[in-house]
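Asks: What follows is data28.txt, compact mmCIF, N, CA and C atoms.
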# COMPACT_ATOMS: atom_id res chain seq x y z
N MET A 1 154.14 -28.85 -115.49
CA MET A 1 155.52 -28.78 -115.90
C MET A 1 155.60 -28.02 -117.22
N TYR A 2 156.71 -27.40 -117.46
CA TYR A 2 157.01 -26.63 -118.68
C TYR A 2 156.25 -25.31 -118.76
N GLN A 3 155.40 -25.00 -117.81
CA GLN A 3 154.67 -23.74 -117.84
C GLN A 3 155.52 -22.60 -117.28
N THR A 4 156.48 -22.94 -116.45
CA THR A 4 157.37 -21.94 -115.86
C THR A 4 158.80 -22.44 -115.98
N ASN A 5 159.72 -21.58 -115.62
CA ASN A 5 161.12 -21.99 -115.58
C ASN A 5 161.83 -21.20 -114.51
N GLY A 6 162.99 -21.71 -114.14
CA GLY A 6 163.81 -21.01 -113.17
C GLY A 6 165.11 -20.60 -113.81
N TYR A 7 165.68 -19.54 -113.29
CA TYR A 7 167.00 -19.13 -113.75
C TYR A 7 167.71 -18.45 -112.60
N SER A 8 168.99 -18.18 -112.79
CA SER A 8 169.83 -17.81 -111.65
C SER A 8 170.51 -16.45 -111.76
N TYR A 9 170.03 -15.57 -112.61
CA TYR A 9 170.63 -14.24 -112.77
C TYR A 9 172.11 -14.30 -113.10
N GLY A 10 172.50 -15.20 -113.98
CA GLY A 10 173.86 -15.24 -114.47
C GLY A 10 174.72 -16.37 -113.95
N ASP A 11 174.37 -16.92 -112.80
CA ASP A 11 175.15 -18.01 -112.24
C ASP A 11 174.65 -19.35 -112.76
N ASP A 12 175.40 -20.39 -112.43
CA ASP A 12 175.00 -21.75 -112.79
C ASP A 12 173.85 -22.21 -111.90
N LEU A 13 173.04 -23.13 -112.42
CA LEU A 13 172.03 -23.82 -111.62
C LEU A 13 172.63 -25.17 -111.24
N VAL A 14 172.78 -25.40 -109.95
CA VAL A 14 173.44 -26.62 -109.48
C VAL A 14 172.56 -27.29 -108.44
N GLY A 15 172.40 -28.61 -108.57
CA GLY A 15 171.64 -29.38 -107.60
C GLY A 15 172.48 -30.49 -107.00
N ARG A 16 172.24 -30.74 -105.74
CA ARG A 16 172.95 -31.80 -105.01
C ARG A 16 171.90 -32.52 -104.17
N ILE A 17 171.64 -33.79 -104.51
CA ILE A 17 170.57 -34.54 -103.87
C ILE A 17 171.15 -35.80 -103.24
N TYR A 18 170.75 -36.05 -102.01
CA TYR A 18 171.22 -37.25 -101.31
C TYR A 18 170.30 -38.41 -101.65
N VAL A 19 170.89 -39.46 -102.22
CA VAL A 19 170.14 -40.63 -102.67
C VAL A 19 170.92 -41.89 -102.31
N PRO A 20 170.25 -43.04 -102.25
CA PRO A 20 170.99 -44.29 -102.05
C PRO A 20 171.90 -44.55 -103.25
N ASN A 21 173.01 -45.21 -103.02
CA ASN A 21 173.91 -45.56 -104.11
C ASN A 21 173.16 -46.37 -105.16
N GLY A 22 173.53 -46.18 -106.41
CA GLY A 22 172.88 -46.89 -107.50
C GLY A 22 173.00 -46.12 -108.80
N THR A 23 172.23 -46.53 -109.79
CA THR A 23 172.24 -45.90 -111.10
C THR A 23 170.92 -45.15 -111.29
N TYR A 24 171.02 -43.92 -111.77
CA TYR A 24 169.86 -43.05 -111.92
C TYR A 24 169.82 -42.45 -113.31
N ASP A 25 168.61 -42.12 -113.76
CA ASP A 25 168.42 -41.31 -114.94
C ASP A 25 168.12 -39.89 -114.47
N VAL A 26 168.82 -38.93 -115.04
CA VAL A 26 168.61 -37.52 -114.72
C VAL A 26 168.08 -36.85 -115.98
N ARG A 27 166.85 -36.38 -115.90
CA ARG A 27 166.21 -35.74 -117.06
C ARG A 27 166.12 -34.24 -116.82
N PHE A 28 166.79 -33.48 -117.67
CA PHE A 28 166.70 -32.02 -117.67
C PHE A 28 165.54 -31.65 -118.57
N MET A 29 164.67 -30.75 -118.10
CA MET A 29 163.46 -30.39 -118.82
C MET A 29 163.48 -28.88 -119.13
N PHE A 30 163.33 -28.57 -120.42
CA PHE A 30 163.36 -27.19 -120.88
C PHE A 30 162.13 -26.90 -121.73
N ALA A 31 161.74 -25.62 -121.79
CA ALA A 31 160.67 -25.19 -122.69
C ALA A 31 160.80 -23.70 -122.92
N GLN A 32 160.36 -23.26 -124.08
CA GLN A 32 160.39 -21.84 -124.43
C GLN A 32 159.41 -21.11 -123.51
N PRO A 33 159.85 -20.08 -122.79
CA PRO A 33 158.93 -19.35 -121.91
C PRO A 33 157.92 -18.54 -122.71
N LEU A 34 156.75 -18.36 -122.12
CA LEU A 34 155.69 -17.60 -122.78
C LEU A 34 155.82 -16.11 -122.54
N GLY A 35 156.62 -15.71 -121.58
CA GLY A 35 156.82 -14.28 -121.32
C GLY A 35 155.53 -13.56 -120.97
N GLY A 36 154.61 -14.23 -120.26
CA GLY A 36 153.36 -13.62 -119.87
C GLY A 36 152.30 -13.61 -120.95
N LYS A 37 152.58 -14.20 -122.10
CA LYS A 37 151.63 -14.21 -123.20
C LYS A 37 150.93 -15.57 -123.27
N THR A 38 149.85 -15.60 -124.02
CA THR A 38 149.18 -16.88 -124.25
C THR A 38 149.96 -17.65 -125.30
N ILE A 39 149.70 -18.92 -125.40
CA ILE A 39 150.42 -19.75 -126.37
C ILE A 39 150.20 -19.23 -127.79
N THR A 40 149.00 -18.76 -128.10
CA THR A 40 148.74 -18.28 -129.46
C THR A 40 149.46 -16.97 -129.75
N ALA A 41 149.77 -16.18 -128.72
CA ALA A 41 150.46 -14.90 -128.92
C ALA A 41 151.98 -15.04 -128.83
N CYS A 42 152.44 -16.16 -128.38
CA CYS A 42 153.88 -16.37 -128.22
C CYS A 42 154.50 -16.70 -129.57
N SER A 43 155.73 -16.23 -129.77
CA SER A 43 156.40 -16.50 -131.04
C SER A 43 157.89 -16.68 -130.81
N ALA A 44 158.57 -16.98 -131.87
CA ALA A 44 160.02 -17.15 -131.80
C ALA A 44 160.73 -15.84 -131.46
N ALA A 45 160.00 -14.77 -131.31
CA ALA A 45 160.61 -13.49 -130.94
C ALA A 45 161.29 -13.56 -129.57
N PHE A 46 160.97 -14.55 -128.78
CA PHE A 46 161.57 -14.69 -127.46
C PHE A 46 162.93 -15.39 -127.52
N GLN A 47 163.47 -15.57 -128.70
CA GLN A 47 164.75 -16.24 -128.87
C GLN A 47 165.85 -15.66 -127.98
N PRO A 48 165.91 -14.35 -127.70
CA PRO A 48 166.97 -13.83 -126.85
C PRO A 48 166.99 -14.41 -125.44
N TRP A 49 165.93 -15.09 -125.03
CA TRP A 49 165.93 -15.71 -123.70
C TRP A 49 166.86 -16.92 -123.65
N HIS A 50 167.31 -17.38 -124.79
CA HIS A 50 168.16 -18.57 -124.81
C HIS A 50 169.62 -18.17 -124.80
N ASN A 51 170.40 -18.92 -124.10
CA ASN A 51 171.84 -18.77 -124.17
C ASN A 51 172.46 -20.15 -124.12
N PRO A 52 173.65 -20.30 -124.62
CA PRO A 52 174.30 -21.61 -124.58
C PRO A 52 174.55 -22.05 -123.13
N VAL A 53 174.32 -23.32 -122.89
CA VAL A 53 174.58 -23.88 -121.57
C VAL A 53 175.36 -25.18 -121.72
N ALA A 54 175.89 -25.63 -120.62
CA ALA A 54 176.49 -26.96 -120.53
C ALA A 54 175.68 -27.74 -119.50
N LEU A 55 175.39 -29.00 -119.78
CA LEU A 55 174.68 -29.87 -118.85
C LEU A 55 175.68 -30.85 -118.25
N GLU A 56 175.66 -30.97 -116.93
CA GLU A 56 176.59 -31.86 -116.23
C GLU A 56 175.84 -32.78 -115.28
N VAL A 57 176.36 -33.99 -115.17
CA VAL A 57 175.86 -34.96 -114.20
C VAL A 57 177.07 -35.60 -113.54
N GLN A 58 177.08 -35.61 -112.22
CA GLN A 58 178.18 -36.17 -111.44
C GLN A 58 179.52 -35.57 -111.84
N GLY A 59 179.52 -34.27 -112.14
CA GLY A 59 180.75 -33.58 -112.49
C GLY A 59 181.24 -33.81 -113.90
N GLU A 60 180.52 -34.58 -114.68
CA GLU A 60 180.91 -34.87 -116.06
C GLU A 60 180.05 -34.03 -117.01
N ARG A 61 180.70 -33.32 -117.90
CA ARG A 61 179.99 -32.50 -118.88
C ARG A 61 179.40 -33.41 -119.94
N MET A 62 178.06 -33.41 -120.03
CA MET A 62 177.35 -34.27 -120.97
C MET A 62 177.06 -33.56 -122.29
N LEU A 63 176.73 -32.28 -122.23
CA LEU A 63 176.51 -31.43 -123.41
C LEU A 63 177.18 -30.10 -123.15
N ASP A 64 177.77 -29.53 -124.19
CA ASP A 64 178.45 -28.25 -124.03
C ASP A 64 177.99 -27.30 -125.14
N ASN A 65 177.89 -26.02 -124.78
CA ASN A 65 177.50 -24.99 -125.75
C ASN A 65 176.19 -25.36 -126.44
N TRP A 66 175.21 -25.75 -125.66
CA TRP A 66 173.94 -26.27 -126.16
C TRP A 66 172.82 -25.26 -125.92
N ASP A 67 172.00 -25.01 -126.92
CA ASP A 67 170.83 -24.14 -126.82
C ASP A 67 169.61 -24.99 -127.12
N PHE A 68 168.78 -25.24 -126.13
CA PHE A 68 167.63 -26.12 -126.33
C PHE A 68 166.67 -25.60 -127.38
N GLY A 69 166.60 -24.29 -127.58
CA GLY A 69 165.65 -23.73 -128.54
C GLY A 69 166.02 -23.97 -129.99
N THR A 70 167.29 -24.22 -130.25
CA THR A 70 167.72 -24.40 -131.64
C THR A 70 167.00 -25.57 -132.30
N GLN A 71 166.87 -26.68 -131.61
CA GLN A 71 166.26 -27.86 -132.23
C GLN A 71 164.76 -27.75 -132.41
N ILE A 72 164.12 -26.77 -131.76
CA ILE A 72 162.67 -26.57 -131.94
C ILE A 72 162.37 -25.22 -132.61
N GLN A 73 163.39 -24.60 -133.19
CA GLN A 73 163.26 -23.29 -133.83
C GLN A 73 162.64 -22.27 -132.87
N HIS A 74 162.95 -22.40 -131.59
CA HIS A 74 162.49 -21.47 -130.55
C HIS A 74 160.97 -21.37 -130.50
N THR A 75 160.29 -22.47 -130.76
CA THR A 75 158.84 -22.52 -130.75
C THR A 75 158.32 -22.58 -129.32
N CYS A 76 157.28 -21.82 -129.04
CA CYS A 76 156.68 -21.82 -127.70
C CYS A 76 155.96 -23.13 -127.41
N ALA A 77 155.84 -23.42 -126.14
CA ALA A 77 155.07 -24.57 -125.66
C ALA A 77 155.54 -25.89 -126.27
N THR A 78 156.82 -25.99 -126.55
CA THR A 78 157.40 -27.22 -127.09
C THR A 78 158.51 -27.68 -126.15
N PRO A 79 158.28 -28.73 -125.38
CA PRO A 79 159.30 -29.17 -124.43
C PRO A 79 160.49 -29.84 -125.12
N VAL A 80 161.64 -29.67 -124.50
CA VAL A 80 162.87 -30.33 -124.93
C VAL A 80 163.49 -30.96 -123.69
N ASP A 81 163.69 -32.26 -123.74
CA ASP A 81 164.29 -32.99 -122.62
C ASP A 81 165.61 -33.60 -123.03
N GLU A 82 166.52 -33.68 -122.11
CA GLU A 82 167.79 -34.40 -122.29
C GLU A 82 167.97 -35.27 -121.06
N THR A 83 168.20 -36.57 -121.27
CA THR A 83 168.33 -37.52 -120.17
C THR A 83 169.71 -38.17 -120.20
N PHE A 84 170.31 -38.27 -119.02
CA PHE A 84 171.64 -38.86 -118.89
C PHE A 84 171.64 -39.84 -117.72
N THR A 85 172.52 -40.82 -117.78
CA THR A 85 172.66 -41.81 -116.72
C THR A 85 173.74 -41.37 -115.75
N ALA A 86 173.46 -41.55 -114.46
CA ALA A 86 174.41 -41.18 -113.42
C ALA A 86 174.61 -42.34 -112.46
N ALA A 87 175.87 -42.65 -112.18
CA ALA A 87 176.21 -43.67 -111.18
C ALA A 87 176.54 -42.96 -109.87
N VAL A 88 175.83 -43.31 -108.81
CA VAL A 88 176.06 -42.72 -107.50
C VAL A 88 176.75 -43.75 -106.61
N THR A 89 177.92 -43.40 -106.10
CA THR A 89 178.68 -44.30 -105.24
C THR A 89 178.96 -43.71 -103.86
N ASN A 90 178.61 -42.44 -103.67
CA ASN A 90 178.87 -41.77 -102.39
C ASN A 90 177.61 -41.20 -101.74
N GLY A 91 176.45 -41.61 -102.24
CA GLY A 91 175.19 -41.14 -101.68
C GLY A 91 174.76 -39.75 -102.13
N VAL A 92 175.48 -39.16 -103.10
CA VAL A 92 175.16 -37.81 -103.56
C VAL A 92 175.06 -37.79 -105.08
N LEU A 93 173.94 -37.29 -105.58
CA LEU A 93 173.76 -37.11 -107.02
C LEU A 93 173.83 -35.61 -107.30
N GLU A 94 174.74 -35.23 -108.18
CA GLU A 94 174.91 -33.82 -108.52
C GLU A 94 174.59 -33.59 -109.99
N PHE A 95 173.94 -32.46 -110.26
CA PHE A 95 173.65 -32.08 -111.63
C PHE A 95 173.80 -30.57 -111.74
N ALA A 96 174.07 -30.11 -112.96
CA ALA A 96 174.26 -28.67 -113.15
C ALA A 96 173.88 -28.25 -114.55
N VAL A 97 173.36 -27.03 -114.64
CA VAL A 97 173.17 -26.33 -115.90
C VAL A 97 174.10 -25.13 -115.80
N ARG A 98 175.17 -25.17 -116.58
CA ARG A 98 176.22 -24.16 -116.50
C ARG A 98 176.05 -23.10 -117.60
N ASN A 99 176.21 -21.86 -117.20
CA ASN A 99 176.15 -20.75 -118.14
C ASN A 99 177.48 -20.71 -118.89
N VAL A 100 177.45 -20.89 -120.20
CA VAL A 100 178.68 -20.83 -120.99
C VAL A 100 178.65 -19.69 -122.01
N ALA A 101 177.68 -18.79 -121.88
CA ALA A 101 177.59 -17.66 -122.80
C ALA A 101 178.77 -16.72 -122.57
N PRO A 102 179.43 -16.30 -123.62
CA PRO A 102 180.54 -15.36 -123.45
C PRO A 102 180.06 -14.01 -122.97
N HIS A 103 180.91 -13.28 -122.30
CA HIS A 103 180.57 -11.95 -121.80
C HIS A 103 180.11 -11.08 -122.97
N GLY A 104 178.99 -10.39 -122.80
CA GLY A 104 178.46 -9.54 -123.84
C GLY A 104 177.53 -10.25 -124.81
N TYR A 105 177.33 -11.56 -124.62
CA TYR A 105 176.44 -12.32 -125.49
C TYR A 105 175.04 -11.76 -125.36
N LYS A 106 174.35 -11.50 -126.47
CA LYS A 106 173.02 -10.89 -126.44
C LYS A 106 171.97 -11.94 -126.20
N ALA A 107 171.87 -12.39 -124.97
CA ALA A 107 170.89 -13.40 -124.58
C ALA A 107 170.62 -13.25 -123.10
N GLN A 108 169.66 -13.99 -122.62
CA GLN A 108 169.42 -14.05 -121.19
C GLN A 108 170.73 -14.43 -120.51
N THR A 109 171.04 -13.79 -119.42
CA THR A 109 172.34 -14.02 -118.78
C THR A 109 172.34 -15.21 -117.83
N ALA A 110 171.31 -16.00 -117.87
CA ALA A 110 171.25 -17.14 -116.96
C ALA A 110 170.63 -18.34 -117.67
N PRO A 111 171.02 -19.54 -117.25
CA PRO A 111 170.38 -20.73 -117.79
C PRO A 111 168.91 -20.78 -117.40
N LEU A 112 168.08 -21.28 -118.30
CA LEU A 112 166.66 -21.50 -118.02
C LEU A 112 166.44 -23.00 -117.83
N LEU A 113 165.63 -23.35 -116.85
CA LEU A 113 165.34 -24.76 -116.59
C LEU A 113 163.91 -24.89 -116.12
N SER A 114 163.14 -25.77 -116.78
CA SER A 114 161.74 -25.98 -116.39
C SER A 114 161.60 -27.06 -115.32
N GLY A 115 162.53 -27.99 -115.26
CA GLY A 115 162.43 -29.04 -114.24
C GLY A 115 163.56 -30.05 -114.39
N VAL A 116 163.70 -30.85 -113.34
CA VAL A 116 164.65 -31.98 -113.33
C VAL A 116 163.91 -33.17 -112.74
N GLU A 117 164.01 -34.28 -113.40
CA GLU A 117 163.40 -35.52 -112.90
C GLU A 117 164.52 -36.54 -112.69
N ILE A 118 164.54 -37.14 -111.52
CA ILE A 118 165.56 -38.15 -111.19
C ILE A 118 164.83 -39.44 -110.85
N THR A 119 165.16 -40.49 -111.60
CA THR A 119 164.55 -41.80 -111.37
C THR A 119 165.63 -42.86 -111.24
N LYS A 120 165.40 -43.78 -110.31
CA LYS A 120 166.35 -44.88 -110.10
C LYS A 120 166.09 -45.94 -111.16
N GLN A 121 167.17 -46.46 -111.74
CA GLN A 121 167.01 -47.52 -112.74
C GLN A 121 166.75 -48.84 -112.07
Show the structure stored in the file as structure tokens.
Replies:
Amino acid sequence: MYQTNGYSYGDDLVGRIYVPNGTYDVRFMFAQPLGGKTITACSAAFQPWHNPVALEVQGERMLDNWDFGTQIQHTCATPVDETFTAAVTNGVLEFAVRNVAPHGYKAQTAPLLSGVEITKQ
């Protein structure tokens, strides 16, 4: 985990998982990409890969205009996780990483995500 990431070429990353009704923890997992370099060669120069995102669970915006790299000074190989509680009443758990970067923003045009972990409470 955290060695790779996925992105969507400008669109939102949205997941919809069928689960039994109940309460779940949804953990979004992020990390600074290495860009093909080793950890020792990686630096904060990859900051342009970050763009502001919004994190949503069950259609509710939990964080808005958030850049995971800011809190770690865009340091490589440093994971950043955000966990939120979700109540499922219809058998479907939905989560999203929404691109909120304004048009022309000098950053990666898509949200980056290293993983999502869903656990039942």
Asks: Quick one: pull the distance between atom N of Leu13 in chain A and atom N of Val100 in chain A, Å, one decimal.
Replies: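 Between these atoms lies a distance of 9.2 Å.
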Asks: Need the shell around range 53-68 of chain A: protein/DNA/RNA residues with any atom at most 5 Å away, counting all atoms listed in the file. Skip same-chain ones fewer than 5 positions apart. Format as a PyMOL selection string?
Replies: chain A and resi 94-100
Asks: Quick one: of A:Lys120, A:Met29, A:Ser114, A:Gly69, who's nearest to Glu82 in chain A, counting all atoms listed in the file?
Replies: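 Distance minimum relative to Glu82 in chain A lands on A:Met29.
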Asks: Could you work out how far CA of Phe30 in chain A lies from atom C of Leu93 in chain A, giving the answer in Å with one decimal?
Replies: 19.1 Å
Asks: How far is it from atom N of Thr23 in chain A to atom C of Thr83 in chain A, in Å with one decimal?
Replies: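 For atom N of Thr23 in chain A relative to atom C of Thr83 in chain A, the distance reads 13.6 Å.
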Asks: Between A:Arg16, A:Tyr24, A:Val116, A:Ala31, which is the closest to Thr75 in chain A once you count only N, CA and C atoms?
Replies: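 Result for the nearest residue to Thr75 in chain A: A:Ala31.
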Asks: Just the residues within 7 Å of Val19 in chain A, please, counting all atoms listed in the file, with nothing from its chain fewer than 3 positions along; format it as a list in words.
Replies: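 Everything that qualifies: Gly22, Asn90, Gly91, Val92 and Leu93 of chain A.
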Asks: Applying 7 Å and only C-alpha atoms, which residues near Glu117 in chain A remain after dropping the ones on its own chain fewer than 6 positions away? List them as a list in words.
Replies: Val26, Arg27 and Phe28 of chain A
